[in-house]
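Take a look at the structure below.
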Amino acid sequence: MTAGRTPLSTARSFGGVGTARRLSVATCGRCPPRGLFRQESSMLQKRLQRLEELATAKPALAEICRFYTRLYQLFATAENFLQVDIDHETATPRQQQGFPLLSGETLNIDENRARAFFAELLLILQQHGQQGQEELQALQTTLQNGSLDLTGLLRAALDRDRKPITGTAETIGMQPALLEYCLTTTLGAALERCRAEGLESREENWEHGYCPLCGGLPAIAELSGEEGKKKLQCSLCGSRWSFHRLTCVHCGNSDHETLAYFTAEGEPGYRVDICRKCCGYLKVVDSRERGEELPLEVEDAATLHLDLLAAKEGFSRGRKETPG
C-alpha cells in the first residue's frame, strides 16, 4: 500500500480451493509459500532503508518517517486475515468490460485477525498522530466492545460504498475520512500480502486509470526502461500496470495541448503530470534518474511538497470512480 494521506498531516474456516478454474489465495491457517518470508523481508528492508535516508535528508519529515516505519513493520509481521476466491470464468469477461477483479463479495475475512490488526493500527496512529486522538480512542472503544462491523466496513471500503462508512463514523462521532483511512490501510496491508502470494489480475490489455486488481486510484507513477514506459502504482493494493504516457489518468484526456508537467528545482527524477482539462495531477518518479526498484509508496511520502505545489496551482489528485 502506498503512503497516501495520514492523520499526521491533516472467523471463519477457509476450506478447499474449489473447482480448478478458481484462484484461492490465503495465509489463514496455512503455511506461507516458500520464499514469501524472503520477499517480504526484502520489501521491508527497502522501505525502511529509504525512510531512514529520507529522515536524514529532510529532518522536517522525520516524524512521518517514524510513523511509516512502524506501519510497514506492522504490515510485515501481522498475521494475514484475508482470503480471496475468484472465479476467472466469470471475472475475465467483467474485466474486459472495465471492472476490477476484486469486489467486496470476493473477500473472506478472518474477523479475529482483522480486529487484531486494526487494534494495532489504531495504537500506532494514536502514538504518532497529532490530530484526531479522541476520535481514534472512540473507534478503539467501539472495536473493543464488539459493536464495529469490521468485515462489512472493509468490504464497503473496497467497493467504495461510503454510506455504511459515513453512517458508522457518525455513530462513533468521528470524521468519515479518518475511518476510511483506517479501513483502507487495513485492507491494503492484507491485499499486499495476497499479492505476494500470487494474487494478480490476468487482464493484459487494461487501459484504465484505476487498478485492474482492486479498483484503487494510482498514487504515483514510474517511468522506466530506455523508452521511459509509464507504470501506475495503486494507492490501495500496490499493484502496478502500464498506462499511456500522454493520457490523463483521471479523465482520459489525450490532447497534448492541455497536458503538461512541472518539476521542482534541484530534484532530478521527480515530476508532476497535470491535466488542464480536469485539473488533475499525478506525481511521477523517473527511475532512469532516481534508480531502479525504489519503493514508490515511500517516494510518495518523500514528495509531499510536490502535492502542495500542485494544490497551490489548483490541481487535485482526482476522484475518478470505477464501474459498480
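For the C-alpha cells, the naming scheme is as follows: chains receive sequential letters (A, B, ...) according to their order of presentation, residues are indexed from 1 within each chain, and ligands are indexed from 1 in presentation order.
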Inset, instruction - Please provide as a list in words all residues within 12 Å of Cys279 (chain A), with the sequence filter that same-chain residues fewer than 2 positions apart are discarded (counting only C-alpha atoms). - result: Cys248, Val249, His250, Cys251, Asn253, Thr258, Leu259, Ala260, Tyr261, Asp273, Ile274, Cys275, Arg276, Lys277, Tyr281, Leu282, Ala310, Ala311, Lys312, Glu313, Gly314, Phe315, Ser316, Arg317, Gly318 and Arg319 of chain A
For the interface of region 268-290 of chain A with region 199-222 of chain A (cut-off 8 Å, counting only C-alpha atoms), please tabulate each contacting residue of region 268-290 of chain A alongside its nearest pair of atoms and their separation in Å to one decimal, rows sorted by chain and increasing number, as a tab-separated table.
residue	atom	partner	partner_atom	distance
A:Leu282	CA	A:Ile220	CA	6.1
A:Lys283	CA	A:Ile220	CA	5.1
A:Val284	CA	A:Ala221	CA	4.6
A:Val285	CA	A:Glu222	CA	4.8
A:Asp286	CA	A:Glu222	CA	5.7
A:Ser287	CA	A:Glu222	CA	6.6
Give me, as JSON lines, the closest atom pair and its distance (Å, one decimal) for every residue of region 162-277 of chain A within a cut-off of 10 Å of region 40-59 of chain A, counting only C-alpha atoms, rows sorted by chain and rising number.
{"residue": "A:Glu192", "atom": "CA", "partner": "A:Glu40", "partner_atom": "CA", "distance": 9.8}
{"residue": "A:Arg193", "atom": "CA", "partner": "A:Glu40", "partner_atom": "CA", "distance": 8.4}
{"residue": "A:Ala196", "atom": "CA", "partner": "A:Glu40", "partner_atom": "CA", "distance": 7.7}
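Between Asp110 (chain A) and the candidates A:Leu123, A:Ala62, A:Leu150, A:Ala264, the tightest atom-to-atom separation, counting only C-alpha atoms, involves A:Leu150.
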Legend entry - Test item: residues at most 9 Å from Thr185 (chain A), only C-alpha atoms, excluding those fewer than 2 positions along its chain, as a list in words: Met1, Thr2, Leu121, Glu180, Tyr181, Cys182, Leu183, Leu187, Gly188, Ala189, Ala190 and Leu236 of chain A
Selected residues written out with C-alpha atoms, as a JSON list (two decimals), in the first residue's frame:
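After the write, selection-v2.json holds the following:
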[["chain", "number", "residue", "atom", "x", "y", "z"],
["A", 1, "MET", "CA", 0.00, 0.00, 0.00],
["A", 2, "THR", "CA", 1.14, 3.47, -0.77],
["A", 121, "LEU", "CA", -3.03, 0.18, 13.60],
["A", 180, "GLU", "CA", -11.94, 5.41, 5.73],
["A", 181, "TYR", "CA", -8.18, 5.87, 6.08],
["A", 182, "CYS", "CA", -8.05, 3.24, 8.84],
["A", 183, "LEU", "CA", -10.10, 0.82, 6.75],
["A", 187, "LEU", "CA", -7.35, -3.61, 3.62],
["A", 188, "GLY", "CA", -4.23, -2.54, 1.73],
["A", 189, "ALA", "CA", -1.97, -4.47, 4.09],
["A", 190, "ALA", "CA", -3.95, -7.67, 3.53],
["A", 236, "LEU", "CA", -4.59, 0.63, -2.14]]
Legend entry - Near-Ile109 (chain A) list (7 Å; only C-alpha atoms; drop same-chain fewer than 6 positions) as a ChimeraX atom specification: /A:81-83,151
Legend entry - Long-range neighbours of Gly167 (chain A) as a VMD selection string, 12 Å cut-off, only C-alpha atoms, 5 positions minimum in chain: chain A and resid 148 to 149 153 156 161 to 162 172 to 177 179 to 180
Filtering to N, CA and C atoms, could you give me those residues as a PDB file, in the first residue's frame?
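File written: result-v5.pdb
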ATOM      1  N   LEU A 148     -18.369  -2.939  16.285  1.00  0.00           N
ATOM      2  CA  LEU A 148     -17.892  -2.472  14.984  1.00  0.00           C
ATOM      3  C   LEU A 148     -17.965  -3.613  13.970  1.00  0.00           C
ATOM      4  N   ASP A 149     -18.726  -3.428  12.916  1.00  0.00           N
ATOM      5  CA  ASP A 149     -18.831  -4.430  11.854  1.00  0.00           C
ATOM      6  C   ASP A 149     -17.631  -4.276  10.925  1.00  0.00           C
ATOM      7  N   LEU A 153     -17.431  -3.265   6.884  1.00  0.00           N
ATOM      8  CA  LEU A 153     -16.812  -1.986   6.542  1.00  0.00           C
ATOM      9  C   LEU A 153     -15.632  -2.167   5.591  1.00  0.00           C
ATOM     10  N   ALA A 156     -17.076  -2.700   2.252  1.00  0.00           N
ATOM     11  CA  ALA A 156     -17.593  -1.429   1.741  1.00  0.00           C
ATOM     12  C   ALA A 156     -16.456  -0.538   1.253  1.00  0.00           C
ATOM     13  N   ASP A 161     -18.146   2.054  -1.256  1.00  0.00           N
ATOM     14  CA  ASP A 161     -19.508   2.312  -0.788  1.00  0.00           C
ATOM     15  C   ASP A 161     -19.403   3.122   0.502  1.00  0.00           C
ATOM     16  N   ARG A 162     -19.550   4.415   0.399  1.00  0.00           N
ATOM     17  CA  ARG A 162     -19.281   5.288   1.541  1.00  0.00           C
ATOM     18  C   ARG A 162     -20.453   5.408   2.522  1.00  0.00           C
ATOM     19  N   ILE A 172     -20.077   6.811  15.773  1.00  0.00           N
ATOM     20  CA  ILE A 172     -18.921   6.857  16.672  1.00  0.00           C
ATOM     21  C   ILE A 172     -18.601   8.281  17.085  1.00  0.00           C
ATOM     22  N   GLY A 173     -18.846   9.231  16.181  1.00  0.00           N
ATOM     23  CA  GLY A 173     -18.508  10.629  16.434  1.00  0.00           C
ATOM     24  C   GLY A 173     -17.134  10.983  15.899  1.00  0.00           C
ATOM     25  N   MET A 174     -16.854  10.557  14.668  1.00  0.00           N
ATOM     26  CA  MET A 174     -15.560  10.836  14.062  1.00  0.00           C
ATOM     27  C   MET A 174     -15.746  11.232  12.602  1.00  0.00           C
ATOM     28  N   GLN A 175     -14.693  11.788  12.023  1.00  0.00           N
ATOM     29  CA  GLN A 175     -14.741  12.178  10.628  1.00  0.00           C
ATOM     30  C   GLN A 175     -14.721  10.926   9.737  1.00  0.00           C
ATOM     31  N   PRO A 176     -15.617  10.841   8.750  1.00  0.00           N
ATOM     32  CA  PRO A 176     -15.622   9.680   7.854  1.00  0.00           C
ATOM     33  C   PRO A 176     -14.281   9.456   7.166  1.00  0.00           C
ATOM     34  N   ALA A 177     -13.570  10.537   6.836  1.00  0.00           N
ATOM     35  CA  ALA A 177     -12.284  10.400   6.144  1.00  0.00           C
ATOM     36  C   ALA A 177     -11.265   9.661   7.003  1.00  0.00           C
ATOM     37  N   LEU A 179     -11.976   7.396   9.417  1.00  0.00           N
ATOM     38  CA  LEU A 179     -12.378   5.992   9.450  1.00  0.00           C
ATOM     39  C   LEU A 179     -12.024   5.304   8.138  1.00  0.00           C
ATOM     40  N   GLU A 180     -12.260   5.994   7.028  1.00  0.00           N
ATOM     41  CA  GLU A 180     -11.945   5.415   5.725  1.00  0.00           C
ATOM     42  C   GLU A 180     -10.442   5.162   5.592  1.00  0.00           C
TER      43      GLU A 180
END
Inset, instruction - Write out as an MDAnalysis selection string the residues lying within 12 Å of Glu134 (chain A), counting only C-alpha atoms and excluding same-chain residues fewer than 4 positions away. - result: chainID A and resid 122 125:126 129:130 138:141 172:175 178
Residue subset to file, keeping C-alpha atoms, as an mmCIF file, in the first residue's frame:
data_model
loop_
_atom_site.group_PDB
_atom_site.id
_atom_site.type_symbol
_atom_site.label_atom_id
_atom_site.label_comp_id
_atom_site.auth_asym_id
_atom_site.auth_seq_id
_atom_site.Cartn_x
_atom_site.Cartn_y
_atom_site.Cartn_z
ATOM 1 C CA LEU A 122 -5.117 2.412 15.866
ATOM 2 C CA LEU A 125 -1.965 6.218 14.850
ATOM 3 C CA GLN A 126 -2.560 7.344 18.426
ATOM 4 C CA GLY A 129 -0.669 11.340 15.292
ATOM 5 C CA GLN A 130 -1.246 14.915 16.316
ATOM 6 C CA ALA A 138 -13.710 6.286 20.354
ATOM 7 C CA LEU A 139 -13.057 3.948 17.425
ATOM 8 C CA GLN A 140 -10.817 1.782 19.601
ATOM 9 C CA THR A 141 -13.581 1.552 22.216
ATOM 10 C CA ILE A 172 -18.921 6.857 16.672
ATOM 11 C CA GLY A 173 -18.508 10.629 16.434
ATOM 12 C CA MET A 174 -15.560 10.836 14.062
ATOM 13 C CA GLN A 175 -14.741 12.178 10.628
ATOM 14 C CA LEU A 178 -10.356 9.207 9.207
#
